[in-house]
$ cat structure-v5.cif   # mmCIF, N, CA and C atoms and all ligand atoms
data_data
#
loop_
_atom_site.label_atom_id
_atom_site.label_comp_id
_atom_site.auth_asym_id
_atom_site.auth_seq_id
_atom_site.Cartn_x
_atom_site.Cartn_y
_atom_site.Cartn_z
N MET A 1 -10.99 -84.24 54.46
CA MET A 1 -11.33 -85.45 53.72
C MET A 1 -12.60 -85.22 52.91
N LYS A 2 -12.55 -85.65 51.64
CA LYS A 2 -13.73 -85.50 50.78
C LYS A 2 -14.38 -86.87 50.55
N ILE A 3 -15.65 -86.98 50.92
CA ILE A 3 -16.37 -88.24 50.74
C ILE A 3 -17.51 -88.01 49.76
N THR A 4 -17.57 -88.86 48.73
CA THR A 4 -18.70 -88.80 47.81
C THR A 4 -19.73 -89.84 48.23
N VAL A 5 -20.97 -89.38 48.40
CA VAL A 5 -22.06 -90.28 48.79
C VAL A 5 -22.95 -90.48 47.57
N ILE A 6 -23.09 -91.74 47.17
CA ILE A 6 -23.81 -92.05 45.93
C ILE A 6 -25.05 -92.91 46.26
N ASN A 7 -26.20 -92.45 45.81
CA ASN A 7 -27.45 -93.17 46.05
C ASN A 7 -28.09 -93.59 44.73
N GLY A 8 -28.56 -94.82 44.70
CA GLY A 8 -29.10 -95.40 43.48
C GLY A 8 -30.60 -95.22 43.29
N PRO A 9 -31.16 -96.01 42.37
CA PRO A 9 -32.53 -95.81 41.90
C PRO A 9 -33.60 -95.91 42.99
N ASN A 10 -34.57 -95.02 42.84
CA ASN A 10 -35.78 -94.95 43.67
C ASN A 10 -35.56 -94.37 45.07
N LEU A 11 -34.31 -94.13 45.43
CA LEU A 11 -34.11 -93.52 46.76
C LEU A 11 -34.69 -92.11 46.80
N ASN A 12 -34.85 -91.48 45.63
CA ASN A 12 -35.51 -90.17 45.58
C ASN A 12 -37.00 -90.27 45.94
N MET A 13 -37.51 -91.51 46.05
CA MET A 13 -38.92 -91.72 46.41
C MET A 13 -39.12 -91.89 47.92
N LEU A 14 -38.05 -91.79 48.66
CA LEU A 14 -38.16 -91.98 50.12
C LEU A 14 -39.26 -91.09 50.71
N GLY A 15 -40.02 -91.66 51.61
CA GLY A 15 -41.07 -90.91 52.29
C GLY A 15 -42.37 -90.84 51.50
N ILE A 16 -42.31 -91.24 50.23
CA ILE A 16 -43.50 -91.14 49.38
C ILE A 16 -44.26 -92.48 49.35
N ARG A 17 -43.50 -93.58 49.26
CA ARG A 17 -44.11 -94.93 49.26
C ARG A 17 -43.37 -95.83 50.24
N GLU A 18 -43.98 -96.97 50.55
CA GLU A 18 -43.37 -98.01 51.40
C GLU A 18 -42.76 -97.49 52.71
N PRO A 19 -43.51 -96.63 53.45
CA PRO A 19 -42.94 -96.12 54.72
C PRO A 19 -42.67 -97.23 55.74
N GLU A 20 -43.40 -98.37 55.60
CA GLU A 20 -43.19 -99.48 56.55
C GLU A 20 -41.80 -100.08 56.41
N ILE A 21 -41.19 -99.91 55.24
CA ILE A 21 -39.81 -100.43 55.04
C ILE A 21 -38.79 -99.31 55.20
N TYR A 22 -39.07 -98.16 54.55
CA TYR A 22 -38.03 -97.13 54.47
C TYR A 22 -38.29 -95.91 55.35
N GLY A 23 -39.43 -95.88 56.06
CA GLY A 23 -39.73 -94.76 56.96
C GLY A 23 -40.45 -93.62 56.26
N HIS A 24 -40.70 -92.56 57.02
CA HIS A 24 -41.48 -91.43 56.51
C HIS A 24 -40.61 -90.27 56.03
N ALA A 25 -39.33 -90.31 56.37
CA ALA A 25 -38.45 -89.20 55.99
C ALA A 25 -38.21 -89.22 54.48
N THR A 26 -38.01 -88.03 53.93
CA THR A 26 -37.87 -87.89 52.48
C THR A 26 -36.39 -87.93 52.05
N TYR A 27 -36.18 -87.93 50.72
CA TYR A 27 -34.80 -87.91 50.22
C TYR A 27 -34.11 -86.60 50.64
N ALA A 28 -34.86 -85.50 50.64
CA ALA A 28 -34.28 -84.21 51.08
C ALA A 28 -33.84 -84.32 52.53
N ASP A 29 -34.63 -85.03 53.35
CA ASP A 29 -34.25 -85.24 54.76
C ASP A 29 -32.95 -86.05 54.83
N LEU A 30 -32.83 -87.06 53.96
CA LEU A 30 -31.60 -87.87 53.95
C LEU A 30 -30.39 -87.01 53.60
N GLU A 31 -30.55 -86.16 52.58
CA GLU A 31 -29.44 -85.28 52.19
C GLU A 31 -29.04 -84.37 53.35
N ALA A 32 -30.05 -83.81 54.03
CA ALA A 32 -29.77 -82.91 55.16
C ALA A 32 -29.07 -83.67 56.28
N PHE A 33 -29.50 -84.93 56.50
CA PHE A 33 -28.86 -85.76 57.54
C PHE A 33 -27.39 -86.01 57.19
N ILE A 34 -27.13 -86.34 55.92
CA ILE A 34 -25.75 -86.63 55.50
C ILE A 34 -24.88 -85.38 55.65
N ARG A 35 -25.42 -84.22 55.23
CA ARG A 35 -24.65 -82.97 55.34
C ARG A 35 -24.34 -82.64 56.81
N GLY A 36 -25.34 -82.83 57.67
CA GLY A 36 -25.16 -82.56 59.10
C GLY A 36 -24.12 -83.50 59.72
N SER A 37 -24.20 -84.78 59.35
CA SER A 37 -23.25 -85.76 59.90
C SER A 37 -21.84 -85.47 59.41
N ALA A 38 -21.72 -85.09 58.13
CA ALA A 38 -20.41 -84.79 57.55
C ALA A 38 -19.80 -83.59 58.29
N LYS A 39 -20.62 -82.58 58.52
CA LYS A 39 -20.14 -81.38 59.21
C LYS A 39 -19.64 -81.74 60.62
N ALA A 40 -20.43 -82.56 61.32
CA ALA A 40 -20.06 -82.96 62.69
C ALA A 40 -18.74 -83.74 62.70
N LEU A 41 -18.50 -84.50 61.63
CA LEU A 41 -17.26 -85.30 61.55
C LEU A 41 -16.09 -84.49 60.99
N GLY A 42 -16.41 -83.32 60.44
CA GLY A 42 -15.36 -82.50 59.83
C GLY A 42 -14.93 -82.99 58.46
N VAL A 43 -15.84 -83.63 57.75
CA VAL A 43 -15.52 -84.08 56.39
C VAL A 43 -16.41 -83.34 55.37
N GLU A 44 -15.93 -83.30 54.14
CA GLU A 44 -16.69 -82.64 53.07
C GLU A 44 -17.48 -83.72 52.33
N ALA A 45 -18.80 -83.55 52.21
CA ALA A 45 -19.60 -84.58 51.54
C ALA A 45 -20.21 -84.04 50.25
N ASP A 46 -19.99 -84.80 49.17
CA ASP A 46 -20.64 -84.51 47.89
C ASP A 46 -21.71 -85.60 47.75
N ILE A 47 -22.96 -85.20 47.49
CA ILE A 47 -24.04 -86.19 47.44
C ILE A 47 -24.61 -86.26 46.02
N PHE A 48 -24.78 -87.48 45.53
CA PHE A 48 -25.28 -87.68 44.16
C PHE A 48 -26.32 -88.80 44.19
N GLN A 49 -27.43 -88.60 43.45
CA GLN A 49 -28.45 -89.66 43.31
C GLN A 49 -28.81 -89.78 41.84
N SER A 50 -28.95 -91.01 41.37
CA SER A 50 -29.46 -91.22 40.01
C SER A 50 -30.26 -92.51 39.93
N ASN A 51 -31.19 -92.52 39.00
CA ASN A 51 -31.96 -93.73 38.73
C ASN A 51 -31.33 -94.53 37.59
N TYR A 52 -30.22 -94.02 37.03
CA TYR A 52 -29.59 -94.63 35.85
C TYR A 52 -28.25 -95.28 36.20
N GLU A 53 -28.11 -96.53 35.81
CA GLU A 53 -26.89 -97.28 36.12
C GLU A 53 -25.64 -96.59 35.54
N GLY A 54 -25.73 -96.15 34.27
CA GLY A 54 -24.58 -95.51 33.62
C GLY A 54 -24.16 -94.22 34.31
N ALA A 55 -25.15 -93.46 34.78
CA ALA A 55 -24.84 -92.20 35.48
C ALA A 55 -24.13 -92.51 36.80
N LEU A 56 -24.53 -93.59 37.44
CA LEU A 56 -23.88 -93.98 38.71
C LEU A 56 -22.44 -94.41 38.42
N VAL A 57 -22.25 -95.18 37.35
CA VAL A 57 -20.90 -95.61 36.95
C VAL A 57 -20.03 -94.38 36.66
N GLU A 58 -20.57 -93.42 35.91
CA GLU A 58 -19.79 -92.22 35.57
C GLU A 58 -19.44 -91.42 36.82
N HIS A 59 -20.37 -91.34 37.76
CA HIS A 59 -20.08 -90.57 38.97
C HIS A 59 -18.99 -91.26 39.79
N ILE A 60 -19.03 -92.59 39.84
CA ILE A 60 -17.96 -93.33 40.54
C ILE A 60 -16.62 -93.03 39.86
N GLN A 61 -16.59 -93.08 38.54
CA GLN A 61 -15.34 -92.80 37.81
C GLN A 61 -14.81 -91.40 38.11
N GLN A 62 -15.75 -90.43 38.22
CA GLN A 62 -15.34 -89.03 38.49
C GLN A 62 -14.73 -88.84 39.86
N CYS A 63 -14.93 -89.84 40.73
CA CYS A 63 -14.35 -89.73 42.08
C CYS A 63 -12.83 -89.82 42.06
N LEU A 64 -12.31 -90.42 40.99
CA LEU A 64 -10.86 -90.57 40.88
C LEU A 64 -10.22 -89.19 40.79
N GLY A 65 -9.43 -88.84 41.78
CA GLY A 65 -8.77 -87.53 41.79
C GLY A 65 -9.60 -86.42 42.41
N THR A 66 -10.88 -86.68 42.70
CA THR A 66 -11.71 -85.62 43.28
C THR A 66 -12.25 -85.99 44.67
N ALA A 67 -12.17 -87.27 45.03
CA ALA A 67 -12.68 -87.70 46.35
C ALA A 67 -11.67 -88.64 47.00
N ASP A 68 -11.76 -88.73 48.33
CA ASP A 68 -10.86 -89.63 49.06
C ASP A 68 -11.53 -90.97 49.37
N ALA A 69 -12.86 -90.98 49.37
CA ALA A 69 -13.57 -92.20 49.75
C ALA A 69 -15.01 -92.11 49.23
N ILE A 70 -15.65 -93.28 49.19
CA ILE A 70 -17.02 -93.35 48.66
C ILE A 70 -17.94 -94.06 49.65
N VAL A 71 -19.14 -93.49 49.84
CA VAL A 71 -20.23 -94.18 50.53
C VAL A 71 -21.27 -94.44 49.46
N ILE A 72 -21.68 -95.68 49.31
CA ILE A 72 -22.62 -95.98 48.22
C ILE A 72 -23.78 -96.85 48.68
N ASN A 73 -24.98 -96.40 48.33
CA ASN A 73 -26.18 -97.24 48.44
C ASN A 73 -26.63 -97.46 46.99
N PRO A 74 -26.21 -98.55 46.38
CA PRO A 74 -26.57 -98.76 44.97
C PRO A 74 -28.04 -99.14 44.77
N ALA A 75 -28.80 -99.24 45.88
CA ALA A 75 -30.22 -99.60 45.85
C ALA A 75 -30.39 -100.91 45.07
N ALA A 76 -31.35 -100.99 44.15
CA ALA A 76 -31.61 -102.26 43.46
C ALA A 76 -30.41 -102.74 42.65
N TYR A 77 -29.55 -101.80 42.20
CA TYR A 77 -28.37 -102.21 41.42
C TYR A 77 -27.35 -102.98 42.27
N THR A 78 -27.51 -102.90 43.59
CA THR A 78 -26.67 -103.70 44.49
C THR A 78 -26.67 -105.15 44.04
N HIS A 79 -27.89 -105.62 43.70
CA HIS A 79 -28.12 -107.05 43.50
C HIS A 79 -27.93 -107.50 42.06
N THR A 80 -27.61 -106.55 41.17
CA THR A 80 -27.54 -106.89 39.73
C THR A 80 -26.31 -106.36 39.01
N SER A 81 -25.68 -105.31 39.54
CA SER A 81 -24.77 -104.54 38.68
C SER A 81 -23.28 -104.90 38.81
N VAL A 82 -22.79 -105.62 37.81
CA VAL A 82 -21.35 -105.87 37.71
C VAL A 82 -20.67 -104.57 37.27
N ALA A 83 -21.39 -103.71 36.54
CA ALA A 83 -20.82 -102.43 36.06
C ALA A 83 -20.46 -101.53 37.25
N ILE A 84 -21.32 -101.48 38.25
CA ILE A 84 -21.02 -100.66 39.43
C ILE A 84 -19.87 -101.28 40.22
N LEU A 85 -19.88 -102.60 40.35
CA LEU A 85 -18.75 -103.28 41.01
C LEU A 85 -17.44 -102.96 40.29
N ASP A 86 -17.43 -103.07 38.98
CA ASP A 86 -16.20 -102.82 38.21
C ASP A 86 -15.75 -101.37 38.35
N ALA A 87 -16.69 -100.42 38.38
CA ALA A 87 -16.33 -99.00 38.52
C ALA A 87 -15.69 -98.77 39.89
N LEU A 88 -16.27 -99.38 40.94
CA LEU A 88 -15.69 -99.22 42.29
C LEU A 88 -14.28 -99.81 42.32
N LYS A 89 -14.12 -100.97 41.66
CA LYS A 89 -12.79 -101.59 41.62
C LYS A 89 -11.82 -100.73 40.82
N ALA A 90 -12.31 -100.14 39.73
CA ALA A 90 -11.46 -99.34 38.84
C ALA A 90 -10.90 -98.11 39.57
N VAL A 91 -11.73 -97.43 40.36
CA VAL A 91 -11.22 -96.23 41.04
C VAL A 91 -10.37 -96.60 42.25
N GLY A 92 -10.66 -97.76 42.83
CA GLY A 92 -9.83 -98.28 43.93
C GLY A 92 -9.86 -97.46 45.20
N LEU A 93 -10.85 -96.60 45.36
CA LEU A 93 -10.95 -95.79 46.59
C LEU A 93 -11.63 -96.61 47.69
N PRO A 94 -11.32 -96.34 48.96
CA PRO A 94 -12.04 -97.04 50.02
C PRO A 94 -13.53 -96.72 49.93
N ALA A 95 -14.35 -97.76 49.98
CA ALA A 95 -15.79 -97.56 49.83
C ALA A 95 -16.54 -98.36 50.88
N VAL A 96 -17.64 -97.79 51.37
CA VAL A 96 -18.54 -98.50 52.29
C VAL A 96 -19.92 -98.53 51.66
N GLU A 97 -20.52 -99.72 51.69
CA GLU A 97 -21.87 -99.92 51.15
C GLU A 97 -22.88 -99.72 52.29
N VAL A 98 -23.94 -98.98 51.99
CA VAL A 98 -24.97 -98.71 53.00
C VAL A 98 -26.34 -99.11 52.45
N HIS A 99 -27.15 -99.72 53.31
CA HIS A 99 -28.57 -99.97 52.99
C HIS A 99 -29.42 -99.51 54.16
N LEU A 100 -30.49 -98.80 53.85
CA LEU A 100 -31.40 -98.33 54.89
C LEU A 100 -32.05 -99.51 55.61
N SER A 101 -32.51 -100.47 54.81
CA SER A 101 -33.22 -101.62 55.37
C SER A 101 -32.24 -102.75 55.63
N ASP A 102 -32.71 -103.74 56.40
CA ASP A 102 -31.86 -104.91 56.66
C ASP A 102 -32.04 -105.89 55.50
N VAL A 103 -31.22 -105.72 54.47
CA VAL A 103 -31.36 -106.54 53.25
C VAL A 103 -31.22 -108.03 53.54
N HIS A 104 -30.54 -108.37 54.63
CA HIS A 104 -30.30 -109.79 54.93
C HIS A 104 -31.54 -110.49 55.48
N SER A 105 -32.53 -109.70 55.94
CA SER A 105 -33.74 -110.34 56.47
C SER A 105 -34.92 -110.15 55.52
N ARG A 106 -34.64 -109.78 54.27
CA ARG A 106 -35.71 -109.59 53.29
C ARG A 106 -35.67 -110.72 52.25
N GLU A 107 -36.11 -110.46 51.03
CA GLU A 107 -36.14 -111.52 50.00
C GLU A 107 -34.72 -112.04 49.74
N ASP A 108 -34.63 -113.30 49.31
CA ASP A 108 -33.32 -113.92 49.07
C ASP A 108 -32.47 -113.12 48.08
N PHE A 109 -33.13 -112.54 47.03
CA PHE A 109 -32.32 -111.85 46.01
C PHE A 109 -31.62 -110.61 46.58
N ARG A 110 -32.12 -110.09 47.70
CA ARG A 110 -31.49 -108.90 48.31
C ARG A 110 -30.26 -109.29 49.15
N LYS A 111 -30.06 -110.59 49.33
CA LYS A 111 -28.89 -111.04 50.12
C LYS A 111 -27.63 -111.04 49.27
N ILE A 112 -27.81 -110.93 47.94
CA ILE A 112 -26.66 -110.92 47.03
C ILE A 112 -26.26 -109.47 46.78
N SER A 113 -24.97 -109.16 47.00
CA SER A 113 -24.49 -107.81 46.69
C SER A 113 -23.19 -107.90 45.89
N TYR A 114 -23.25 -107.44 44.66
CA TYR A 114 -22.03 -107.35 43.84
C TYR A 114 -21.13 -106.24 44.38
N ALA A 115 -21.74 -105.10 44.72
CA ALA A 115 -20.98 -103.93 45.19
C ALA A 115 -20.12 -104.27 46.42
N SER A 116 -20.63 -105.16 47.27
CA SER A 116 -19.91 -105.47 48.52
C SER A 116 -18.51 -106.02 48.25
N LEU A 117 -18.32 -106.61 47.05
CA LEU A 117 -17.01 -107.19 46.72
C LEU A 117 -15.92 -106.12 46.56
N ALA A 118 -16.36 -104.85 46.41
CA ALA A 118 -15.38 -103.77 46.28
C ALA A 118 -15.45 -102.82 47.48
N CYS A 119 -16.16 -103.23 48.53
CA CYS A 119 -16.34 -102.35 49.70
C CYS A 119 -15.66 -102.92 50.93
N VAL A 120 -15.15 -102.04 51.77
CA VAL A 120 -14.48 -102.51 52.98
C VAL A 120 -15.48 -102.95 54.04
N GLU A 121 -16.73 -102.50 53.91
CA GLU A 121 -17.75 -102.80 54.92
C GLU A 121 -19.14 -102.62 54.33
N THR A 122 -20.11 -103.38 54.84
CA THR A 122 -21.50 -103.17 54.47
C THR A 122 -22.29 -102.88 55.75
N ILE A 123 -23.07 -101.79 55.70
CA ILE A 123 -23.90 -101.42 56.85
C ILE A 123 -25.35 -101.49 56.39
N ALA A 124 -26.15 -102.30 57.05
CA ALA A 124 -27.55 -102.46 56.62
C ALA A 124 -28.48 -102.44 57.82
N GLY A 125 -29.66 -101.85 57.60
CA GLY A 125 -30.70 -101.91 58.63
C GLY A 125 -30.59 -100.85 59.71
N GLN A 126 -29.74 -99.87 59.49
CA GLN A 126 -29.59 -98.80 60.50
C GLN A 126 -30.23 -97.50 60.05
N GLY A 127 -31.00 -97.53 58.95
CA GLY A 127 -31.64 -96.31 58.47
C GLY A 127 -30.60 -95.25 58.12
N PHE A 128 -30.98 -93.98 58.30
CA PHE A 128 -30.07 -92.87 57.96
C PHE A 128 -28.74 -92.98 58.72
N ALA A 129 -28.79 -93.48 59.96
CA ALA A 129 -27.58 -93.55 60.79
C ALA A 129 -26.47 -94.35 60.11
N GLY A 130 -26.84 -95.26 59.22
CA GLY A 130 -25.85 -96.06 58.50
C GLY A 130 -24.90 -95.20 57.68
N TYR A 131 -25.41 -94.07 57.15
CA TYR A 131 -24.55 -93.18 56.34
C TYR A 131 -23.51 -92.49 57.24
N ALA A 132 -23.94 -92.09 58.44
CA ALA A 132 -23.02 -91.44 59.38
C ALA A 132 -21.95 -92.43 59.82
N ARG A 133 -22.38 -93.65 60.10
CA ARG A 133 -21.44 -94.71 60.52
C ARG A 133 -20.43 -94.99 59.40
N ALA A 134 -20.92 -94.99 58.16
CA ALA A 134 -20.03 -95.26 57.01
C ALA A 134 -18.96 -94.17 56.90
N MET A 135 -19.37 -92.91 57.05
CA MET A 135 -18.40 -91.81 56.96
C MET A 135 -17.39 -91.89 58.11
N GLU A 136 -17.90 -92.25 59.30
CA GLU A 136 -17.04 -92.41 60.48
C GLU A 136 -15.97 -93.49 60.22
N LEU A 137 -16.43 -94.63 59.65
CA LEU A 137 -15.50 -95.74 59.35
C LEU A 137 -14.44 -95.31 58.36
N LEU A 138 -14.86 -94.57 57.33
CA LEU A 138 -13.91 -94.14 56.29
C LEU A 138 -12.90 -93.14 56.84
N LEU A 139 -13.37 -92.29 57.73
CA LEU A 139 -12.49 -91.30 58.36
C LEU A 139 -11.43 -92.00 59.22
N ALA A 140 -11.85 -93.08 59.86
CA ALA A 140 -10.94 -93.81 60.76
C ALA A 140 -9.90 -94.65 60.00
N LEU A 141 -10.13 -94.90 58.72
CA LEU A 141 -9.22 -95.79 57.95
C LEU A 141 -7.83 -95.18 57.79
O1 LIG B 201 -32.37 -100.74 51.97
C1 LIG B 201 -31.85 -100.10 51.07
O2 LIG B 201 -31.27 -99.03 51.24
C2 LIG B 201 -31.97 -100.60 49.64
O3 LIG B 201 -30.74 -100.31 48.97
C3 LIG B 201 -33.12 -99.83 49.01
C4 LIG B 201 -33.46 -100.27 47.60
C5 LIG B 201 -33.62 -101.77 47.52
O4 LIG B 201 -33.81 -102.18 46.18
C6 LIG B 201 -32.43 -102.52 48.11
O5 LIG B 201 -32.67 -103.91 48.05
C7 LIG B 201 -32.19 -102.10 49.54
C8 LIG B 201 -34.74 -99.56 47.15
C9 LIG B 201 -34.56 -98.05 47.05
C10 LIG B 201 -35.68 -97.28 47.64
O6 LIG B 201 -36.92 -97.65 47.09
C11 LIG B 201 -38.06 -97.01 47.46
C12 LIG B 201 -39.19 -97.41 46.80
C13 LIG B 201 -40.40 -96.82 47.11
C14 LIG B 201 -40.46 -95.84 48.09
C15 LIG B 201 -39.32 -95.45 48.76
C16 LIG B 201 -38.11 -96.03 48.44
#
$ encode --input "structure-v5.cif" --output "structure tokens"
Amino acid sequence: MKITVINGPNLNMLGIREPEIYGHATYADLEAFIRGSAKALGVEADIFQSNYEGALVEHIQQCLGTADAIVINPAAYTHTSVAILDALKAVGLPAVEVHLSDVHSREDFRKISYASLACVETIAGQGFAGYARAMELLLAL
């Protein structure tokens, strides 16, 4: 099974700022965690990060025919992007939305997720473990 993991804007800043919310681990640590979890589950993981909405949309589109499922943390675009929602709907692959922090216990605007409308599940507040859980869920589908 091939799973594409897509991370949105500012996640490349992990470990550099706001450790009280996102922890001390870096984006490279997150990539290593995802690769390790994928290996343990016996799935192939392709990991992509961008700060640009259009690049995220294009990467979602490229999943058509190249991936079996998507794990996505759209970061701030979660709360604003109809384009990312439409791209997820367009490819029609099973997708799970992941957030490192518990978006439901933060500011009101973080409680709104457009991406969730195209996802089978949302996992929030579990840190890196949320990505492993998302891959596990997709494998079980
Ligand atoms: O909790 C999450 O995973 C989020 O998707 C992270 C986004 C935020 O906008 C969402 O509401 C929830 C932020 C991405 C990471 O931003 C950082 C900023 C500074 C330092 C480290 C990370």
$ select_by_dssp --input "structure-v5.cif" --residues "chain A" --states "alpha helix (DSSP H)" --output "ChimeraX atom specification"
/A:19-22,27-41,53-62,82-91,129-140
$ select_by_dssp --input "structure-v5.cif" --residues "range 4-112 of chain A" --states "strand (DSSP E)" --output "list in words"
Thr4, Val5, Ile6, Asn7, Glu44, Ala45, Asp46, Ile47, Phe48, Gln49, Ala69, Ile70, Val71, Ile72, Asn73, Ala95, Val96, Glu97, Val98 and His99 of chain A
$ closest_residue --input "structure-v5.cif" --among "A:Gln61, A:Asn73, A:Asn10, A:Thr78" --to "Ser113 in chain A" --atoms "only C-alpha atoms"
A:Thr78
$ atom_distance --input "structure-v5.cif" --atom1 "atom C of Val96 in chain A" --atom2 "atom C12 of ligand LIG 201 (chain B)"
19.9 Å
$ residues_near_ligand --input "structure-v5.cif" --ligand "ligand LIG 201 (chain B)" --cutoff "5 Å" --atoms "only N, CA and C atoms and all ligand atoms" --output "list in words"
Pro9, Asn10, Leu11, Met13, Leu14, Gly15, Arg17, Glu18, Ala75, Ala76, His99, Leu100 and Ser101 of chain A
$ axis_aligned_box --input "structure-v5.cif" --around "range 95-103 of chain A" --padding-each-side "3 Å" --output "lines of an AutoDock Vina configuration file"
center_x = -23.8
center_y = -102.8
center_z = 53.2
size_x = 24.9
size_y = 16.5
size_z = 12.8
$ residues_around --input "structure-v5.cif" --residues "range 32-47 of chain A" --least-positions-apart "3" --cutoff "8 Å" --atoms "all atoms listed in the file" --output "PyMOL selection string"
chain A and resi 1-7+26-29+50+128+131-133+135-136
$ write_last_selection --input "structure-v5.cif" --atoms "N, CA and C atoms" --output "PDB file, keeping the file's coordinate frame"
ATOM      1  N   MET A   1     -10.990 -84.240  54.460  1.00  0.00           N
ATOM      2  CA  MET A   1     -11.330 -85.450  53.720  1.00  0.00           C
ATOM      3  C   MET A   1     -12.600 -85.220  52.910  1.00  0.00           C
ATOM      4  N   LYS A   2     -12.550 -85.650  51.640  1.00  0.00           N
ATOM      5  CA  LYS A   2     -13.730 -85.500  50.780  1.00  0.00           C
ATOM      6  C   LYS A   2     -14.380 -86.870  50.550  1.00  0.00           C
ATOM      7  N   ILE A   3     -15.650 -86.980  50.920  1.00  0.00           N
ATOM      8  CA  ILE A   3     -16.370 -88.240  50.740  1.00  0.00           C
ATOM      9  C   ILE A   3     -17.510 -88.010  49.760  1.00  0.00           C
ATOM     10  N   THR A   4     -17.570 -88.860  48.730  1.00  0.00           N
ATOM     11  CA  THR A   4     -18.700 -88.800  47.810  1.00  0.00           C
ATOM     12  C   THR A   4     -19.730 -89.840  48.230  1.00  0.00           C
ATOM     13  N   VAL A   5     -20.970 -89.380  48.400  1.00  0.00           N
ATOM     14  CA  VAL A   5     -22.060 -90.280  48.790  1.00  0.00           C
ATOM     15  C   VAL A   5     -22.950 -90.480  47.570  1.00  0.00           C
ATOM     16  N   ILE A   6     -23.090 -91.740  47.170  1.00  0.00           N
ATOM     17  CA  ILE A   6     -23.810 -92.050  45.930  1.00  0.00           C
ATOM     18  C   ILE A   6     -25.050 -92.910  46.260  1.00  0.00           C
ATOM     19  N   ASN A   7     -26.200 -92.450  45.810  1.00  0.00           N
ATOM     20  CA  ASN A   7     -27.450 -93.170  46.050  1.00  0.00           C
ATOM     21  C   ASN A   7     -28.090 -93.590  44.730  1.00  0.00           C
ATOM     22  N   THR A  26     -38.010 -88.030  53.930  1.00  0.00           N
ATOM     23  CA  THR A  26     -37.870 -87.890  52.480  1.00  0.00           C
ATOM     24  C   THR A  26     -36.390 -87.930  52.050  1.00  0.00           C
ATOM     25  N   TYR A  27     -36.180 -87.930  50.720  1.00  0.00           N
ATOM     26  CA  TYR A  27     -34.800 -87.910  50.220  1.00  0.00           C
ATOM     27  C   TYR A  27     -34.110 -86.600  50.640  1.00  0.00           C
ATOM     28  N   ALA A  28     -34.860 -85.500  50.640  1.00  0.00           N
ATOM     29  CA  ALA A  28     -34.280 -84.210  51.080  1.00  0.00           C
ATOM     30  C   ALA A  28     -33.840 -84.320  52.530  1.00  0.00           C
ATOM     31  N   ASP A  29     -34.630 -85.030  53.350  1.00  0.00           N
ATOM     32  CA  ASP A  29     -34.250 -85.240  54.760  1.00  0.00           C
ATOM     33  C   ASP A  29     -32.950 -86.050  54.830  1.00  0.00           C
ATOM     34  N   SER A  50     -28.950 -91.010  41.370  1.00  0.00           N
ATOM     35  CA  SER A  50     -29.460 -91.220  40.010  1.00  0.00           C
ATOM     36  C   SER A  50     -30.260 -92.510  39.930  1.00  0.00           C
ATOM     37  N   PHE A 128     -30.980 -93.980  58.300  1.00  0.00           N
ATOM     38  CA  PHE A 128     -30.070 -92.870  57.960  1.00  0.00           C
ATOM     39  C   PHE A 128     -28.740 -92.980  58.720  1.00  0.00           C
ATOM     40  N   TYR A 131     -25.410 -94.070  57.150  1.00  0.00           N
ATOM     41  CA  TYR A 131     -24.550 -93.180  56.340  1.00  0.00           C
ATOM     42  C   TYR A 131     -23.510 -92.490  57.240  1.00  0.00           C
ATOM     43  N   ALA A 132     -23.940 -92.090  58.440  1.00  0.00           N
ATOM     44  CA  ALA A 132     -23.020 -91.440  59.380  1.00  0.00           C
ATOM     45  C   ALA A 132     -21.950 -92.430  59.820  1.00  0.00           C
ATOM     46  N   ARG A 133     -22.380 -93.650  60.100  1.00  0.00           N
ATOM     47  CA  ARG A 133     -21.440 -94.710  60.520  1.00  0.00           C
ATOM     48  C   ARG A 133     -20.430 -94.990  59.400  1.00  0.00           C
ATOM     49  N   MET A 135     -19.370 -92.910  57.050  1.00  0.00           N
ATOM     50  CA  MET A 135     -18.400 -91.810  56.960  1.00  0.00           C
ATOM     51  C   MET A 135     -17.390 -91.890  58.110  1.00  0.00           C
ATOM     52  N   GLU A 136     -17.900 -92.250  59.300  1.00  0.00           N
ATOM     53  CA  GLU A 136     -17.040 -92.410  60.480  1.00  0.00           C
ATOM     54  C   GLU A 136     -15.970 -93.490  60.220  1.00  0.00           C
TER      55      GLU A 136
END
$ atom_distance --input "structure-v5.cif" --atom1 "atom C of Gly127 in chain A" --atom2 "atom C of Arg110 in chain A"
16.7 Å
$ residues_around --input "structure-v5.cif" --residues "Ala95 in chain A" --least-positions-apart "2" --cutoff "6.5 Å" --atoms "all atoms listed in the file" --output "list in words"
Ala69, Ile70, Val71, Ile72, Leu93, Glu97, Ala118, Cys119, Val120 and Glu121 of chain A
$ write_last_selection --input "structure-v5.cif" --atoms "N, CA and C atoms" --output "CSV table (one decimal), in the coordinates of the input"
chain,number,residue,atom,x,y,z
A,69,ALA,N,-12.9,-91.0,49.4
A,69,ALA,CA,-13.6,-92.2,49.8
A,69,ALA,C,-15.0,-92.1,49.2
A,70,ILE,N,-15.6,-93.3,49.2
A,70,ILE,CA,-17.0,-93.4,48.7
A,70,ILE,C,-17.9,-94.1,49.6
A,71,VAL,N,-19.1,-93.5,49.8
A,71,VAL,CA,-20.2,-94.2,50.5
A,71,VAL,C,-21.3,-94.4,49.5
A,72,ILE,N,-21.7,-95.7,49.3
A,72,ILE,CA,-22.6,-96.0,48.2
A,72,ILE,C,-23.8,-96.8,48.7
A,93,LEU,N,-10.8,-96.6,45.4
A,93,LEU,CA,-11.0,-95.8,46.6
A,93,LEU,C,-11.6,-96.6,47.7
A,97,GLU,N,-20.5,-99.7,51.7
A,97,GLU,CA,-21.9,-99.9,51.2
A,97,GLU,C,-22.9,-99.7,52.3
A,118,ALA,N,-16.4,-104.8,46.4
A,118,ALA,CA,-15.4,-103.8,46.3
A,118,ALA,C,-15.4,-102.8,47.5
A,119,CYS,N,-16.2,-103.2,48.5
A,119,CYS,CA,-16.3,-102.4,49.7
A,119,CYS,C,-15.7,-102.9,50.9
A,120,VAL,N,-15.2,-102.0,51.8
A,120,VAL,CA,-14.5,-102.5,53.0
A,120,VAL,C,-15.5,-103.0,54.0
A,121,GLU,N,-16.7,-102.5,53.9
A,121,GLU,CA,-17.8,-102.8,54.9
A,121,GLU,C,-19.1,-102.6,54.3
